[in-house]
Amino acid sequence: MSARKFTGNFTQQEPLSETAIEAAAAVLRSGRLHRYNLAPGEVGEVALLEEEFAAWQGSRYCIAVASGGQAIQIALRAAGVAPDDRVLTNAFTLAPVPGAIHAVGARPVLVEIDENLRLDFEDLARRAESSGARFLLLSHMRGHLCDMDRLMSRVAQFGLTVIEDCAHTMGATWNNLRSGSFGLAGCFSTQTYKHINSGEGGLLTSDDPDFIARATILSGSYMHYARHGAGPDPEHFARPRYDMANMSARMDALRAAILRPQIRSIEENVARWNRLYTAVASELVSSNRIVLPARPEAEGMVGSSIQFRVPDLGEAGCRRVVAQAGLRGVELKWFGNEEPKGFTSMHRSWRYVDPHQLPQTDGVLATLFDMRLPLTFSEDDCTLIGRIIREEVSEVRL
């Protein structure tokens, strides 16, 4: 077996463009970083970001906030989630998703996933009926979109309001409709490892004027809601301005300034990520032990990460693959680990969530591996990475 190593960095992002750097410098020179600290008649960077992202996403409204997690929390509150409400969500997701439900005083109800890492619709129906939940926080975890047409038909049967967590699917589509466009709201992250990069940040979109008015007050607008770039008419604020708490979750002008130029590159970067994904996947599929999630024809994916399973591996075999690939420079995450590690954890680590019996999800996660695909990698890099993974899997004897 070749012992060739990969020498790239799995956490190194591309540098920001000179346009973004110049925009940031202009904000810093002004000294006015708060989104509402504006000169008379000035339209600030945050308002412009909201306007431009709403236009790109195809939504009527957008507000910019401090993080993707804050976008979810605000969306839940603005949608009417109350303390002790049950909120359905994927059993396979990252901790900020059930964490957001917990933060608003509600109780997460975890739904099984299938072998393709998507919600199991039959389990969704069972848990919707048994829990009496009125809300589904749908996590498009690691960029895997459900059959959104079928899902929206199902949730209508149970009267569920859908909020989409699109942290991993900015730019992804289902039947040419962007993720975040199906439910009441779409929640996006601009954290460094997402599809546009401001270190931390979030965007919340919707076509519902009353919902977004409530969300705007919750975000911490005080009475400056007229200064938003993609907000509803003033009459929609008549009640929320008194009823909604100020959660102080605003985005600042500096982050907005560096995000605006990046919107123009999303489509190009989606195509780049998908080429990297294809290069890795082409190597992995040549192994009869490695299984990749199916990608439906209707899904326009964003391949900014890749997931695969090795169903015949036990715990020791999974640990060996992670260790040996790591020695050759390939950083794999493994979702079967009982202990949370880095950004990766599973439902039994979320002790603020009621214990769930999730045998199907547990079976999938037991041999599920995950890997980032930064745009600093080349297609040749990804071919080598895929070959290293395939070789290390083949070395684990049954």
# chains A, B, ... in the order shown; residues from 1 in each chain; ligands from 1
>>> residues_around(residues="region 109-119 of chain A", least_positions_apart="3", cutoff="6 Å", atoms="only C-alpha atoms", output="list in words")
Val87, Leu88, Thr89, Asn90, Ala91, Leu124, Cys146, Pro293, Ala294 and Thr361 of chain A
>>> write_last_selection(atoms="C-alpha atoms", output="PDB file, in the first residue's frame")
ATOM      1  CA  VAL A  87     -40.271  20.801  19.047  1.00  0.00           C
ATOM      2  CA  LEU A  88     -39.367  18.038  16.604  1.00  0.00           C
ATOM      3  CA  THR A  89     -35.866  17.960  15.153  1.00  0.00           C
ATOM      4  CA  ASN A  90     -33.375  15.553  13.589  1.00  0.00           C
ATOM      5  CA  ALA A  91     -31.601  13.106  15.877  1.00  0.00           C
ATOM      6  CA  LEU A 124     -41.609  11.819  12.071  1.00  0.00           C
ATOM      7  CA  CYS A 146     -34.951  15.664   2.507  1.00  0.00           C
ATOM      8  CA  PRO A 293     -25.426   8.680   1.129  1.00  0.00           C
ATOM      9  CA  ALA A 294     -27.602   8.673  -1.964  1.00  0.00           C
ATOM     10  CA  THR A 361     -30.037   6.580  14.211  1.00  0.00           C
TER      11      THR A 361
END
>>> residues_around(residues="region 142-145 of chain A", least_positions_apart="4", cutoff="10 Å", atoms="only C-alpha atoms", output="number ranges by chain")
A: 92-94, 116-119, 138, 166-174, 179, 293-296, 298-307, 370-372
>>> closest_residue(among="A:Asn37, A:Asn269, A:Ser30, A:Thr192", to="Thr11 (chain A)", atoms="only C-alpha atoms")
A:Thr192
>>> closest_residue(among="A:Arg351, A:Leu76, A:Tyr193, A:Asp84", to="Leu218 (chain A)", atoms="only C-alpha atoms")
A:Leu76
>>> residues_around(residues="Glu52 (chain A)", least_positions_apart="6", cutoff="10 Å", atoms="only C-alpha atoms", output="ChimeraX atom specification")
/A:46,58,62,229-230,260-261,263-264
>>> select_by_dssp(residues="region 111-304 of chain A", states="helix (DSSP H, G or I)", output="count of residues only")
77
>>> select_by_dssp(residues="region 234-390 of chain A", states="strand (DSSP E)", output="list in words")
Glu299, Gly300, Ser305, Ile306, Gln307, Phe308, Arg309, Lys333, Trp334, Leu368, Phe369, Asp370, Met371 and Arg372 of chain A
>>> closest_atom_pairs(of="region 43-108 of chain A", to="region 251-254 of chain A", cutoff="12 Å", atoms="only C-alpha atoms", output="JSON lines")
{"residue": "A:Val43", "atom": "CA", "partner": "A:Ala253", "partner_atom": "CA", "distance": 10.9}
{"residue": "A:Gly44", "atom": "CA", "partner": "A:Ala253", "partner_atom": "CA", "distance": 7.2}
{"residue": "A:Glu45", "atom": "CA", "partner": "A:Ala253", "partner_atom": "CA", "distance": 5.4}
{"residue": "A:Val46", "atom": "CA", "partner": "A:Ala253", "partner_atom": "CA", "distance": 5.5}
{"residue": "A:Ala47", "atom": "CA", "partner": "A:Ala253", "partner_atom": "CA", "distance": 9.0}
{"residue": "A:Leu48", "atom": "CA", "partner": "A:Ala253", "partner_atom": "CA", "distance": 9.9}
{"residue": "A:Leu49", "atom": "CA", "partner": "A:Ala253", "partner_atom": "CA", "distance": 9.4}
{"residue": "A:Glu50", "atom": "CA", "partner": "A:Met251", "partner_atom": "CA", "distance": 10.5}
{"residue": "A:Ile63", "atom": "CA", "partner": "A:Met251", "partner_atom": "CA", "distance": 8.9}
{"residue": "A:Ala64", "atom": "CA", "partner": "A:Met251", "partner_atom": "CA", "distance": 5.6}
{"residue": "A:Val65", "atom": "CA", "partner": "A:Met251", "partner_atom": "CA", "distance": 4.4}
{"residue": "A:Ala66", "atom": "CA", "partner": "A:Met251", "partner_atom": "CA", "distance": 4.7}
{"residue": "A:Ser67", "atom": "CA", "partner": "A:Met251", "partner_atom": "CA", "distance": 8.1}
{"residue": "A:Gly68", "atom": "CA", "partner": "A:Met251", "partner_atom": "CA", "distance": 10.9}
{"residue": "A:Gln70", "atom": "CA", "partner": "A:Met251", "partner_atom": "CA", "distance": 10.4}
{"residue": "A:Ala71", "atom": "CA", "partner": "A:Met251", "partner_atom": "CA", "distance": 10.7}
>>> atom_distance(atom1="CA of Glu18 (chain A)", atom2="CA of Leu33 (chain A)")
19.6 Å
>>> closest_residue(among="A:Pro234, A:Gly363, A:Gly69, A:Pro15", to="Phe188 (chain A)", atoms="only C-alpha atoms")
A:Gly69
>>> residues_around(residues="Val155 (chain A)", least_positions_apart="2", cutoff="10 Å", atoms="only C-alpha atoms", output="list in words")
Phe121, Leu124, Ala125, Ala128, Arg134, Phe135, Leu136, Arg150, Leu151, Met152, Ser153, Gln157, Phe158, Gly159, Leu160, Thr161 and Val162 of chain A
